[in-house]
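Asker: Input file: query04.json. Contents: JSON, C-alpha atoms and all ligand atoms.
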```json
[["chain", "number", "residue", "atom", "x", "y", "z"],
["A", 1, "MET", "CA", 217.31, -27.48, 31.32],
["A", 2, "ALA", "CA", 214.78, -29.12, 29.04],
["A", 3, "ALA", "CA", 216.00, -31.56, 26.39],
["A", 4, "THR", "CA", 216.12, -30.57, 22.73],
["A", 5, "LEU", "CA", 213.33, -32.44, 20.99],
["A", 6, "ILE", "CA", 214.35, -34.40, 17.90],
["A", 7, "ASP", "CA", 211.77, -33.61, 15.25],
["A", 8, "GLY", "CA", 211.31, -36.89, 13.40],
["A", 9, "ARG", "CA", 208.44, -35.44, 11.44],
["A", 10, "ALA", "CA", 210.62, -32.71, 9.89],
["A", 11, "VAL", "CA", 213.56, -35.05, 9.18],
["A", 12, "ALA", "CA", 211.22, -37.63, 7.61],
["A", 13, "ARG", "CA", 209.53, -34.95, 5.51],
["A", 14, "SER", "CA", 212.78, -33.75, 3.98],
["A", 15, "LEU", "CA", 213.97, -37.35, 3.40],
["A", 16, "LYS", "CA", 210.69, -38.17, 1.67],
["A", 17, "GLU", "CA", 211.13, -35.14, -0.60],
["A", 18, "GLU", "CA", 214.58, -36.43, -1.62],
["A", 19, "LEU", "CA", 213.15, -39.91, -2.13],
["A", 20, "SER", "CA", 210.37, -38.69, -4.36],
["A", 21, "VAL", "CA", 212.97, -36.96, -6.57],
["A", 22, "ARG", "CA", 214.88, -40.26, -6.69],
["A", 23, "ALA", "CA", 211.68, -42.11, -7.61],
["A", 24, "SER", "CA", 210.88, -39.74, -10.45],
["A", 25, "GLU", "CA", 214.43, -40.09, -11.81],
["A", 26, "MET", "CA", 213.97, -43.87, -11.80],
["A", 27, "ILE", "CA", 210.63, -43.62, -13.53],
["A", 28, "ALA", "CA", 212.20, -41.38, -16.18],
["A", 29, "ARG", "CA", 214.75, -44.15, -16.76],
["A", 30, "GLY", "CA", 211.88, -46.62, -17.27],
["A", 31, "VAL", "CA", 211.88, -48.30, -13.85],
["A", 32, "MET", "CA", 208.63, -48.03, -11.85],
["A", 33, "PRO", "CA", 209.59, -48.75, -8.22],
["A", 34, "HIS", "CA", 207.02, -51.13, -6.78],
["A", 35, "LEU", "CA", 206.38, -52.27, -3.20],
["A", 36, "ALA", "CA", 204.06, -55.20, -2.54],
["A", 37, "VAL", "CA", 202.59, -55.47, 0.95],
["A", 38, "VAL", "CA", 200.93, -58.66, 2.13],
["A", 39, "LEU", "CA", 198.33, -58.14, 4.85],
["A", 40, "VAL", "CA", 196.74, -61.15, 6.50],
["A", 41, "GLY", "CA", 193.60, -60.72, 8.59],
["A", 42, "GLU", "CA", 191.93, -57.77, 10.27],
["A", 43, "ASN", "CA", 194.38, -56.62, 12.99],
["A", 44, "PRO", "CA", 193.34, -52.93, 13.37],
["A", 45, "ALA", "CA", 196.88, -51.64, 14.05],
["A", 46, "SER", "CA", 198.21, -53.53, 11.01],
["A", 47, "GLN", "CA", 195.44, -52.05, 8.84],
["A", 48, "VAL", "CA", 196.51, -48.55, 9.90],
["A", 49, "TYR", "CA", 200.22, -49.27, 9.33],
["A", 50, "VAL", "CA", 199.53, -50.70, 5.88],
["A", 51, "ARG", "CA", 197.33, -47.75, 4.92],
["A", 52, "ASN", "CA", 200.07, -45.33, 6.05],
["A", 53, "LYS", "CA", 202.67, -47.23, 4.00],
["A", 54, "GLU", "CA", 200.37, -47.19, 0.95],
["A", 55, "ASN", "CA", 199.77, -43.45, 1.26],
["A", 56, "ALA", "CA", 203.48, -42.72, 1.70],
["A", 57, "CYS", "CA", 204.30, -44.74, -1.43],
["A", 58, "VAL", "CA", 201.69, -42.91, -3.49],
["A", 59, "LYS", "CA", 202.99, -39.52, -2.29],
["A", 60, "ALA", "CA", 206.57, -40.48, -3.17],
["A", 61, "GLY", "CA", 205.56, -41.75, -6.63],
["A", 62, "ILE", "CA", 206.24, -45.39, -5.74],
["A", 63, "ARG", "CA", 203.75, -48.01, -6.92],
["A", 64, "SER", "CA", 202.18, -49.91, -4.05],
["A", 65, "THR", "CA", 200.09, -53.06, -4.18],
["A", 66, "VAL", "CA", 198.42, -54.50, -1.10],
["A", 67, "ILE", "CA", 197.52, -58.19, -1.21],
["A", 68, "ARG", "CA", 194.87, -58.90, 1.42],
["A", 69, "LEU", "CA", 194.39, -62.43, 2.68],
["A", 70, "ALA", "CA", 191.71, -63.71, 5.05],
["A", 71, "GLU", "CA", 192.43, -64.12, 8.77],
["A", 72, "ASP", "CA", 192.07, -67.90, 8.41],
["A", 73, "CYS", "CA", 194.23, -68.18, 5.28],
["A", 74, "ALA", "CA", 196.32, -71.34, 4.98],
["A", 75, "GLN", "CA", 200.13, -71.29, 5.26],
["A", 76, "GLN", "CA", 200.35, -72.59, 1.70],
["A", 77, "GLU", "CA", 198.18, -69.80, 0.34],
["A", 78, "LEU", "CA", 200.43, -67.19, 1.96],
["A", 79, "GLU", "CA", 203.58, -68.92, 0.73],
["A", 80, "ASP", "CA", 202.15, -69.08, -2.81],
["A", 81, "VAL", "CA", 201.59, -65.32, -2.72],
["A", 82, "VAL", "CA", 205.17, -64.69, -1.55],
["A", 83, "ALA", "CA", 206.53, -67.07, -4.21],
["A", 84, "SER", "CA", 204.64, -65.28, -6.96],
["A", 85, "LEU", "CA", 205.88, -61.87, -5.75],
["A", 86, "ASN", "CA", 209.44, -63.26, -5.65],
["A", 87, "ALA", "CA", 209.06, -64.36, -9.26],
["A", 88, "ASP", "CA", 207.49, -61.10, -10.46],
["A", 89, "GLY", "CA", 210.22, -58.94, -12.00],
["A", 90, "GLY", "CA", 207.95, -55.88, -11.73],
["A", 91, "VAL", "CA", 207.90, -56.10, -7.91],
["A", 92, "HIS", "CA", 211.01, -54.71, -6.21],
["A", 93, "GLY", "CA", 210.08, -54.81, -2.53],
["A", 94, "ILE", "CA", 208.04, -57.34, -0.55],
["A", 95, "LEU", "CA", 206.77, -56.74, 2.95],
["A", 96, "VAL", "CA", 204.66, -59.16, 4.96],
["A", 97, "GLN", "CA", 202.91, -57.13, 7.64],
["A", 98, "LEU", "CA", 203.51, -58.56, 11.11],
["A", 99, "PRO", "CA", 202.22, -59.95, 13.36],
["A", 100, "LEU", "CA", 200.63, -62.77, 11.39],
["A", 101, "PRO", "CA", 197.65, -64.66, 12.87],
["A", 102, "GLY", "CA", 198.85, -67.27, 15.36],
["A", 103, "HIS", "CA", 198.27, -70.35, 13.17],
["A", 104, "LEU", "CA", 200.79, -69.14, 10.57],
["A", 105, "ASP", "CA", 204.54, -69.84, 10.71],
["A", 106, "GLU", "CA", 205.97, -66.31, 10.62],
["A", 107, "ALA", "CA", 209.65, -67.34, 10.56],
["A", 108, "ARG", "CA", 209.05, -69.66, 7.59],
["A", 109, "VAL", "CA", 207.29, -66.91, 5.62],
["A", 110, "LEU", "CA", 210.05, -64.38, 6.30],
["A", 111, "ARG", "CA", 212.66, -66.93, 5.19],
["A", 112, "MET", "CA", 210.84, -67.33, 1.88],
["A", 113, "ILE", "CA", 211.07, -63.68, 0.84],
["A", 114, "ASP", "CA", 213.77, -63.08, -1.78],
["A", 115, "PRO", "CA", 216.54, -61.36, 0.27],
["A", 116, "ASN", "CA", 216.99, -58.87, -2.58],
["A", 117, "LYS", "CA", 213.34, -57.81, -2.21],
["A", 118, "ASP", "CA", 213.35, -57.96, 1.60],
["A", 119, "VAL", "CA", 212.79, -54.24, 2.22],
["A", 120, "ASP", "CA", 211.94, -54.86, 5.89],
["A", 121, "GLY", "CA", 215.40, -56.39, 6.35],
["A", 122, "PHE", "CA", 214.08, -59.30, 8.43],
["A", 123, "HIS", "CA", 215.49, -62.16, 6.31],
["A", 124, "ALA", "CA", 218.38, -64.01, 7.97],
["A", 125, "MET", "CA", 220.53, -63.22, 4.91],
["A", 126, "ASN", "CA", 220.10, -59.51, 5.57],
["A", 127, "SER", "CA", 220.60, -59.80, 9.34],
["A", 128, "GLY", "CA", 223.76, -61.76, 8.54],
["A", 129, "ARG", "CA", 224.93, -59.06, 6.18],
["A", 130, "LEU", "CA", 224.35, -56.43, 8.87],
["A", 131, "MET", "CA", 226.25, -58.55, 11.38],
["A", 132, "ASN", "CA", 229.14, -59.00, 8.91],
["A", 133, "GLY", "CA", 229.25, -55.35, 7.91],
["A", 134, "GLN", "CA", 228.15, -56.10, 4.35],
["A", 135, "PRO", "CA", 225.62, -54.02, 2.43],
["A", 136, "GLY", "CA", 222.06, -55.33, 2.59],
["A", 137, "PHE", "CA", 218.61, -54.29, 3.71],
["A", 138, "VAL", "CA", 218.49, -52.97, 7.26],
["A", 139, "PRO", "CA", 215.27, -52.95, 9.34],
["A", 140, "CYS", "CA", 213.55, -49.61, 8.86],
["A", 141, "THR", "CA", 213.11, -48.48, 12.47],
["A", 142, "PRO", "CA", 216.74, -48.77, 13.64],
["A", 143, "LEU", "CA", 217.89, -47.38, 10.30],
["A", 144, "GLY", "CA", 215.59, -44.42, 10.91],
["A", 145, "VAL", "CA", 217.13, -43.89, 14.36],
["A", 146, "MET", "CA", 220.61, -43.69, 12.80],
["A", 147, "LYS", "CA", 219.31, -41.11, 10.28],
["A", 148, "LEU", "CA", 217.88, -39.03, 13.13],
["A", 149, "LEU", "CA", 221.22, -39.04, 14.97],
["A", 150, "GLU", "CA", 222.92, -38.04, 11.72],
["A", 151, "ALA", "CA", 220.39, -35.28, 11.02],
["A", 152, "TYR", "CA", 221.10, -33.74, 14.44],
["A", 153, "ASP", "CA", 224.90, -34.17, 14.11],
["A", 154, "ILE", "CA", 224.92, -36.32, 17.24],
["A", 155, "PRO", "CA", 228.28, -38.06, 17.48],
["A", 156, "VAL", "CA", 228.18, -41.84, 17.95],
["A", 157, "ARG", "CA", 231.84, -42.86, 17.68],
["A", 158, "GLY", "CA", 233.32, -43.81, 21.03],
["A", 159, "LYS", "CA", 230.05, -43.11, 22.89],
["A", 160, "HIS", "CA", 228.44, -45.62, 25.20],
["A", 161, "ALA", "CA", 225.12, -46.62, 23.63],
["A", 162, "VAL", "CA", 222.68, -48.66, 25.69],
["A", 163, "VAL", "CA", 219.81, -50.39, 23.87],
["A", 164, "ILE", "CA", 216.92, -51.70, 25.97],
["A", 165, "GLY", "CA", 215.32, -54.51, 23.94],
["A", 166, "ARG", "CA", 216.75, -57.36, 21.88],
["A", 167, "SER", "CA", 214.08, -58.08, 19.27],
["A", 168, "ASN", "CA", 215.11, -59.00, 15.73],
["A", 169, "ILE", "CA", 213.10, -56.04, 14.46],
["A", 170, "VAL", "CA", 214.49, -53.25, 16.63],
["A", 171, "GLY", "CA", 216.88, -54.05, 19.49],
["A", 172, "LYS", "CA", 219.44, -56.33, 17.81],
["A", 173, "PRO", "CA", 219.76, -54.45, 14.50],
["A", 174, "MET", "CA", 219.86, -51.17, 16.46],
["A", 175, "ALA", "CA", 222.80, -52.47, 18.49],
["A", 176, "MET", "CA", 224.57, -53.65, 15.31],
["A", 177, "LEU", "CA", 224.17, -50.28, 13.61],
["A", 178, "LEU", "CA", 225.48, -48.42, 16.65],
["A", 179, "LEU", "CA", 228.40, -50.83, 16.84],
["A", 180, "ALA", "CA", 229.12, -50.32, 13.14],
["A", 181, "ALA", "CA", 229.19, -46.59, 13.87],
["A", 182, "ASP", "CA", 231.88, -47.24, 16.51],
["A", 183, "ALA", "CA", 229.78, -46.86, 19.64],
["A", 184, "THR", "CA", 230.48, -49.09, 22.64],
["A", 185, "VAL", "CA", 227.19, -50.94, 22.89],
["A", 186, "THR", "CA", 225.36, -52.58, 25.77],
["A", 187, "ILE", "CA", 222.16, -54.52, 25.09],
["A", 188, "CYS", "CA", 219.66, -54.88, 27.94],
["A", 189, "HIS", "CA", 216.55, -57.08, 28.15],
["A", 190, "SER", "CA", 214.02, -58.43, 30.60],
["A", 191, "ARG", "CA", 216.66, -60.52, 32.46],
["A", 192, "THR", "CA", 219.13, -57.65, 32.84],
["A", 193, "GLN", "CA", 220.02, -56.96, 36.44],
["A", 194, "ASN", "CA", 220.48, -53.43, 37.79],
["A", 195, "LEU", "CA", 219.07, -51.93, 34.61],
["A", 196, "ALA", "CA", 219.03, -48.34, 35.88],
["A", 197, "GLU", "CA", 222.71, -48.56, 36.81],
["A", 198, "ILE", "CA", 223.51, -49.48, 33.21],
["A", 199, "THR", "CA", 221.17, -46.97, 31.56],
["A", 200, "ARG", "CA", 222.67, -44.18, 33.69],
["A", 201, "GLN", "CA", 226.01, -44.85, 31.95],
["A", 202, "ALA", "CA", 224.52, -44.29, 28.49],
["A", 203, "ASP", "CA", 225.51, -41.35, 26.33],
["A", 204, "ILE", "CA", 222.89, -42.63, 23.89],
["A", 205, "LEU", "CA", 219.95, -44.56, 25.33],
["A", 206, "VAL", "CA", 217.53, -46.36, 23.00],
["A", 207, "ALA", "CA", 214.31, -47.68, 24.52],
["A", 208, "ALA", "CA", 212.62, -50.45, 22.50],
["A", 209, "VAL", "CA", 210.70, -52.23, 25.21],
["A", 210, "GLY", "CA", 206.99, -51.86, 24.48],
["A", 211, "ARG", "CA", 206.08, -50.61, 27.97],
["A", 212, "ALA", "CA", 204.58, -47.18, 28.48],
["A", 213, "ASP", "CA", 206.73, -44.71, 30.45],
["A", 214, "PHE", "CA", 209.26, -47.43, 31.29],
["A", 215, "VAL", "CA", 212.35, -45.19, 31.24],
["A", 216, "THR", "CA", 212.20, -42.52, 33.91],
["A", 217, "GLY", "CA", 214.38, -39.49, 34.57],
["A", 218, "ASP", "CA", 216.37, -41.21, 37.33],
["A", 219, "MET", "CA", 217.53, -43.82, 34.77],
["A", 220, "VAL", "CA", 219.11, -41.21, 32.50],
["A", 221, "LYS", "CA", 222.51, -39.53, 32.64],
["A", 222, "PRO", "CA", 222.21, -35.72, 32.50],
["A", 223, "GLY", "CA", 222.65, -34.55, 28.91],
["A", 224, "ALA", "CA", 222.21, -38.02, 27.36],
["A", 225, "VAL", "CA", 220.55, -38.59, 23.99],
["A", 226, "VAL", "CA", 217.35, -40.57, 24.57],
["A", 227, "ILE", "CA", 215.67, -42.29, 21.65],
["A", 228, "ASP", "CA", 212.15, -43.54, 22.32],
["A", 229, "VAL", "CA", 211.19, -46.31, 19.89],
["A", 230, "GLY", "CA", 208.14, -47.46, 21.86],
["A", 231, "ILE", "CA", 204.62, -47.14, 20.58],
["A", 232, "ASN", "CA", 202.08, -47.91, 23.28],
["A", 233, "ARG", "CA", 198.40, -47.11, 23.39],
["A", 234, "VAL", "CA", 197.25, -45.89, 26.79],
["A", 235, "GLU", "CA", 193.61, -44.89, 27.10],
["A", 236, "GLY", "CA", 193.45, -44.28, 23.37],
["A", 237, "LYS", "CA", 196.59, -42.09, 23.41],
["A", 238, "LEU", "CA", 199.96, -42.96, 21.82],
["A", 239, "VAL", "CA", 202.84, -42.90, 24.29],
["A", 240, "GLY", "CA", 206.41, -44.10, 24.10],
["A", 241, "ASP", "CA", 208.58, -46.21, 26.39],
["A", 242, "VAL", "CA", 210.02, -43.06, 27.91],
["A", 243, "ASP", "CA", 208.35, -40.99, 30.60],
["A", 244, "PHE", "CA", 208.47, -37.72, 28.71],
["A", 245, "GLU", "CA", 208.09, -35.37, 31.66],
["A", 246, "SER", "CA", 210.85, -36.70, 33.91],
["A", 247, "VAL", "CA", 213.27, -37.62, 31.09],
["A", 248, "SER", "CA", 212.97, -34.35, 29.19],
["A", 249, "ALA", "CA", 214.13, -32.56, 32.35],
["A", 250, "VAL", "CA", 217.39, -34.57, 32.39],
["A", 251, "ALA", "CA", 218.25, -35.60, 28.81],
["A", 252, "GLY", "CA", 220.12, -33.46, 26.29],
["A", 253, "TYR", "CA", 218.07, -34.73, 23.35],
["A", 254, "LEU", "CA", 214.83, -36.68, 23.26],
["A", 255, "THR", "CA", 212.58, -38.08, 20.53],
["A", 256, "PRO", "CA", 208.88, -37.43, 21.24],
["A", 257, "VAL", "CA", 206.11, -39.97, 20.68],
["A", 258, "PRO", "CA", 204.38, -39.33, 18.37],
["A", 259, "GLY", "CA", 206.56, -37.24, 16.06],
["A", 260, "GLY", "CA", 209.90, -38.98, 16.62],
["A", 261, "VAL", "CA", 211.15, -42.37, 15.47],
["A", 262, "GLY", "CA", 207.78, -43.59, 14.11],
["A", 263, "GLN", "CA", 207.89, -40.97, 11.35],
["A", 264, "MET", "CA", 211.25, -42.27, 10.18],
["A", 265, "THR", "CA", 210.22, -45.91, 9.81],
["A", 266, "ILE", "CA", 208.08, -45.34, 6.73],
["A", 267, "ALA", "CA", 210.65, -43.00, 5.18],
["A", 268, "MET", "CA", 213.25, -45.79, 5.51],
["A", 269, "LEU", "CA", 210.84, -48.29, 3.95],
["A", 270, "LEU", "CA", 210.56, -46.02, 0.92],
["A", 271, "ALA", "CA", 214.37, -45.68, 0.82],
["A", 272, "ASN", "CA", 214.80, -49.47, 0.96],
["A", 273, "THR", "CA", 212.22, -49.92, -1.80],
["A", 274, "LEU", "CA", 214.09, -47.49, -4.05],
["A", 275, "ASP", "CA", 217.35, -49.30, -3.24],
["A", 276, "ALA", "CA", 215.66, -52.57, -4.22],
["A", 277, "ALA", "CA", 214.39, -51.06, -7.47],
["A", 278, "GLY", "CA", 217.88, -49.75, -8.14],
["A", 279, "GLY", "CA", 219.34, -53.24, -7.78],
["A", 280, "ARG", "CA", 220.68, -53.33, -4.21],
["A", 281, "GLY", "CA", 221.74, -56.87, -3.28],
["A", 282, "GLU", "CA", 224.38, -59.29, -4.46],
["B", 1, "LIG", "P1", 209.42, -56.93, 21.50],
["B", 1, "LIG", "O1", 209.71, -57.89, 20.43],
["B", 1, "LIG", "O2", 208.28, -57.18, 22.43],
["B", 1, "LIG", "O3", 210.75, -56.73, 22.36],
["B", 1, "LIG", "C1", 210.74, -56.03, 23.55],
["B", 1, "LIG", "C2", 212.08, -56.14, 24.21],
["B", 1, "LIG", "O4", 212.03, -55.45, 25.46],
["B", 1, "LIG", "C3", 212.49, -57.58, 24.52],
["B", 1, "LIG", "O5", 213.82, -57.81, 24.11],
["B", 1, "LIG", "C4", 212.33, -57.70, 26.03],
["B", 1, "LIG", "O6", 213.27, -58.54, 26.65],
["B", 1, "LIG", "C5", 212.60, -56.27, 26.47],
["B", 1, "LIG", "N1", 211.95, -56.03, 27.76],
["B", 1, "LIG", "C6", 210.69, -56.30, 28.13],
["B", 1, "LIG", "N2", 210.50, -55.98, 29.42],
["B", 1, "LIG", "C7", 211.68, -55.51, 29.88],
["B", 1, "LIG", "C8", 212.13, -55.06, 31.14],
["B", 1, "LIG", "N3", 211.32, -55.02, 32.20],
["B", 1, "LIG", "N4", 213.41, -54.66, 31.26],
["B", 1, "LIG", "C9", 214.25, -54.68, 30.21],
["B", 1, "LIG", "N5", 213.87, -55.13, 28.97],
["B", 1, "LIG", "C10", 212.60, -55.54, 28.83],
["B", 1, "LIG", "O7", 209.14, -55.47, 20.91],
["B", 1, "LIG", "P2", 209.76, -54.75, 19.59],
["B", 1, "LIG", "O8", 209.11, -55.28, 18.37],
["B", 1, "LIG", "O9", 211.23, -54.72, 19.68],
["B", 1, "LIG", "O10", 209.20, -53.29, 19.82],
["B", 1, "LIG", "C11", 209.55, -52.53, 20.96],
["B", 1, "LIG", "C12", 208.68, -51.28, 20.98],
["B", 1, "LIG", "O11", 208.95, -50.52, 19.82],
["B", 1, "LIG", "C13", 207.18, -51.54, 20.96],
["B", 1, "LIG", "O12", 206.53, -50.53, 21.71],
["B", 1, "LIG", "C14", 206.82, -51.39, 19.50],
["B", 1, "LIG", "O13", 205.47, -51.01, 19.31],
["B", 1, "LIG", "C15", 207.74, -50.28, 19.11],
["B", 1, "LIG", "N6", 208.07, -50.24, 17.69],
["B", 1, "LIG", "C16", 208.04, -49.02, 17.12],
["B", 1, "LIG", "C17", 208.36, -48.89, 15.79],
["B", 1, "LIG", "C18", 208.35, -47.53, 15.20],
["B", 1, "LIG", "O14", 208.21, -47.38, 14.00],
["B", 1, "LIG", "N7", 208.54, -46.50, 16.03],
["B", 1, "LIG", "C19", 208.69, -50.00, 15.02],
["B", 1, "LIG", "C20", 208.76, -51.26, 15.65],
["B", 1, "LIG", "C21", 208.44, -51.36, 17.00],
["B", 1, "LIG", "P3", 213.29, -60.15, 26.41],
["B", 1, "LIG", "O15", 213.95, -60.34, 25.08],
["B", 1, "LIG", "O16", 214.12, -60.66, 27.53],
["B", 1, "LIG", "O17", 211.88, -60.60, 26.44]]
```
Would you mind giving the structure from this file in structure tokens?

Answerer:
Amino acid sequence: MAATLIDGRAVARSLKEELSVRASEMIARGVMPHLAVVLVGENPASQVYVRNKENACVKAGIRSTVIRLAEDCAQQELEDVVASLNADGGVHGILVQLPLPGHLDEARVLRMIDPNKDVDGFHAMNSGRLMNGQPGFVPCTPLGVMKLLEAYDIPVRGKHAVVIGRSNIVGKPMAMLLLAADATVTICHSRTQNLAEITRQADILVAAVGRADFVTGDMVKPGAVVIDVGINRVEGKLVGDVDFESVSAVAGYLTPVPGGVGQMTIAMLLANTLDAAGGRGE
């Protein structure tokens, strides 16, 4: 039996509608939610992501400012921009689009962002809060995955969730969120031995690897929920980390690429920005 496809596009659309109502209520109370995005250089994928974020903000009634810096910009110039956005009371959310050009110290820049404006949730203060079970900003992609599970009434408590990938952006926060929702969580990575043996035990399998068609049907337990976070470009086409054909024949639920998790990431960014404008933080 073919897996039920999780329609991230539809879930994101209805979330964005709710968020735009929230934004207009804020504006009526005299607060104009404002996201500032810092884009360094000419990376084509980053340009597309930033444009999509800008458009989503405009549609939701959130003010968006993009600060563009040259590819060869100095560390100090970038840090000055972040410092001025930190100090600007009219800016609620700050996002530095990654990856930064190689000569820049990414970790240092992320550390500089005011944790209360850190709508990407990458600041160590916010990862610490997530780890400690305290409220804070959570990275948008794993947060979006949790919203998808919720939207489809997929139970998490007591389930075995296996996350492939341990990045600070996806894998680790994903594992923390699943743990907080009472799943039993296994994290796998490039040094994991007998990966397929572990993934076959998963009730919920999250693939955040960055390799096209990495998860195949023989790695999936029949009826499992498979969440494909991957975005890979193969011959100009977007594909996930999951081999759609073989996995959809085995899984119970599956997120397609495109049209799955990716749609949720921007919706969560808007949600985090509204939380920031509403005074989320200490
Ligand atoms: P990343 O930083 O490159 O991390 C990839 C992870 O996969 C690493 O932890 C790595 O292990 C692990 N890995 C690599 N090869 C493996 C193997 N053979 N077996 C098991 N694990 C392996 O990537 P990321 O930023 O987390 O992103 C992952 C994917 O999600 C990418 O395709 C990215 O484009 C996509 N993504 C999508 C969204 C969205 O909105 N949908 C957002 C962010 C990212 P090690 O730690 O041992 O190296």

Asker: Output as AutoDock Vina command-line options the centre and edge lengths (Å, one decimal) of the box along x, y and z of the file that holds every listed atom of ligand LIG 1 (chain B) after adding 8 Å on each side.

Answerer:
```
--center_x 209.9 --center_y -53.6 --center_z 23.1 --size_x 24.8 --size_y 30.2 --size_z 34.2
```

Asker: Name the residues, by chain letter and number, that sit within 6 Å of ligand LIG 1 (chain B) using all atoms listed in the file, and give them as a list of chain:residue names.

Answerer: A:Thr141, A:Ile164, A:Gly165, A:Arg166, A:Ser167, A:Ile169, A:Val170, A:Gly171, A:Cys188, A:His189, A:Ser190, A:Arg191, A:Ala208, A:Val209, A:Gly210, A:Val229, A:Gly230, A:Ile231, A:Asn232, A:Val261, A:Gly262, A:Thr265

Asker: Would you put the residues from that selection into a file with C-alpha atoms, as a PDB file, in the frame of the given file?

Answerer:
```
ATOM      1  CA  THR A 141     213.110 -48.480  12.470  1.00  0.00           C
ATOM      2  CA  ILE A 164     216.920 -51.700  25.970  1.00  0.00           C
ATOM      3  CA  GLY A 165     215.320 -54.510  23.940  1.00  0.00           C
ATOM      4  CA  ARG A 166     216.750 -57.360  21.880  1.00  0.00           C
ATOM      5  CA  SER A 167     214.080 -58.080  19.270  1.00  0.00           C
ATOM      6  CA  ILE A 169     213.100 -56.040  14.460  1.00  0.00           C
ATOM      7  CA  VAL A 170     214.490 -53.250  16.630  1.00  0.00           C
ATOM      8  CA  GLY A 171     216.880 -54.050  19.490  1.00  0.00           C
ATOM      9  CA  CYS A 188     219.660 -54.880  27.940  1.00  0.00           C
ATOM     10  CA  HIS A 189     216.550 -57.080  28.150  1.00  0.00           C
ATOM     11  CA  SER A 190     214.020 -58.430  30.600  1.00  0.00           C
ATOM     12  CA  ARG A 191     216.660 -60.520  32.460  1.00  0.00           C
ATOM     13  CA  ALA A 208     212.620 -50.450  22.500  1.00  0.00           C
ATOM     14  CA  VAL A 209     210.700 -52.230  25.210  1.00  0.00           C
ATOM     15  CA  GLY A 210     206.990 -51.860  24.480  1.00  0.00           C
ATOM     16  CA  VAL A 229     211.190 -46.310  19.890  1.00  0.00           C
ATOM     17  CA  GLY A 230     208.140 -47.460  21.860  1.00  0.00           C
ATOM     18  CA  ILE A 231     204.620 -47.140  20.580  1.00  0.00           C
ATOM     19  CA  ASN A 232     202.080 -47.910  23.280  1.00  0.00           C
ATOM     20  CA  VAL A 261     211.150 -42.370  15.470  1.00  0.00           C
ATOM     21  CA  GLY A 262     207.780 -43.590  14.110  1.00  0.00           C
ATOM     22  CA  THR A 265     210.220 -45.910   9.810  1.00  0.00           C
TER      23      THR A 265
END
```

Asker: Identify, on the basis of only C-alpha atoms, every residue whose closest approach to A:Arg22 does not exceed 12 Å; exclude the query and any residue fewer than 6 positions from it along the same chain; express the result as number ranges by chain.

Answerer: A: 15-16, 28-29, 31-33, 60-62, 270-275, 277-278

Asker: Could you turn the residues from that selection into a file that holds C-alpha atoms, as a PDB file, in the coordinates of the input?

Answerer:
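Output contents, as saved in part06.pdb:
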```
ATOM      1  CA  LEU A  15     213.970 -37.350   3.400  1.00  0.00           C
ATOM      2  CA  LYS A  16     210.690 -38.170   1.670  1.00  0.00           C
ATOM      3  CA  ALA A  28     212.200 -41.380 -16.180  1.00  0.00           C
ATOM      4  CA  ARG A  29     214.750 -44.150 -16.760  1.00  0.00           C
ATOM      5  CA  VAL A  31     211.880 -48.300 -13.850  1.00  0.00           C
ATOM      6  CA  MET A  32     208.630 -48.030 -11.850  1.00  0.00           C
ATOM      7  CA  PRO A  33     209.590 -48.750  -8.220  1.00  0.00           C
ATOM      8  CA  ALA A  60     206.570 -40.480  -3.170  1.00  0.00           C
ATOM      9  CA  GLY A  61     205.560 -41.750  -6.630  1.00  0.00           C
ATOM     10  CA  ILE A  62     206.240 -45.390  -5.740  1.00  0.00           C
ATOM     11  CA  LEU A 270     210.560 -46.020   0.920  1.00  0.00           C
ATOM     12  CA  ALA A 271     214.370 -45.680   0.820  1.00  0.00           C
ATOM     13  CA  ASN A 272     214.800 -49.470   0.960  1.00  0.00           C
ATOM     14  CA  THR A 273     212.220 -49.920  -1.800  1.00  0.00           C
ATOM     15  CA  LEU A 274     214.090 -47.490  -4.050  1.00  0.00           C
ATOM     16  CA  ASP A 275     217.350 -49.300  -3.240  1.00  0.00           C
ATOM     17  CA  ALA A 277     214.390 -51.060  -7.470  1.00  0.00           C
ATOM     18  CA  GLY A 278     217.880 -49.750  -8.140  1.00  0.00           C
TER      19      GLY A 278
END
```

Asker: Please provide the set of residues having any atom within 12 Å of A:Ile6, restricted to all atoms listed in the file, with same-chain residues fewer than 3 positions apart removed, written as a ChimeraX atom specification.

Answerer: /A:3,9-12,145,147-154,225-228,248,251-264

Asker: Taking all atoms listed in the file into account, which of A:His34, A:Lys237, A:Lys59, A:Arg129 comes nearest A:Ala212?

Answerer: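 Residue with the minimum atom-to-atom distance to A:Ala212: A:Lys237.
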
Asker: Find the distance between atom CA of A:Leu69 and atom CA of A:Ala124 and write it in Å to one decimal.

Answerer: 24.6 Å

Asker: If I take atom CA of A:Met174 and atom CA of A:Pro142, how far is one from the other in Å, to one decimal?

Answerer: 4.8 Å

Asker: With all atoms listed in the file as the atoms that count, which of A:Ala183, A:Leu178, A:Cys73, A:Met219 lies nearest to A:Ile198?

Answerer: A:Met219

Asker: So how far away is atom CA of A:His92 from atom CA of A:Ala276, in Å?

Answerer: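 Computing the Euclidean distance for atom CA of A:Ala276 and atom CA of A:His92 yields 5.5 Å.
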
Asker: So which residues fall inside 9 Å of (205.0, -47.5, 1.7) if we count all atoms listed in the file? Mind giving them as a PyMOL selection string?

Answerer: chain A and resi 35-37+50-58+60+62-64+266-267+269-270+273
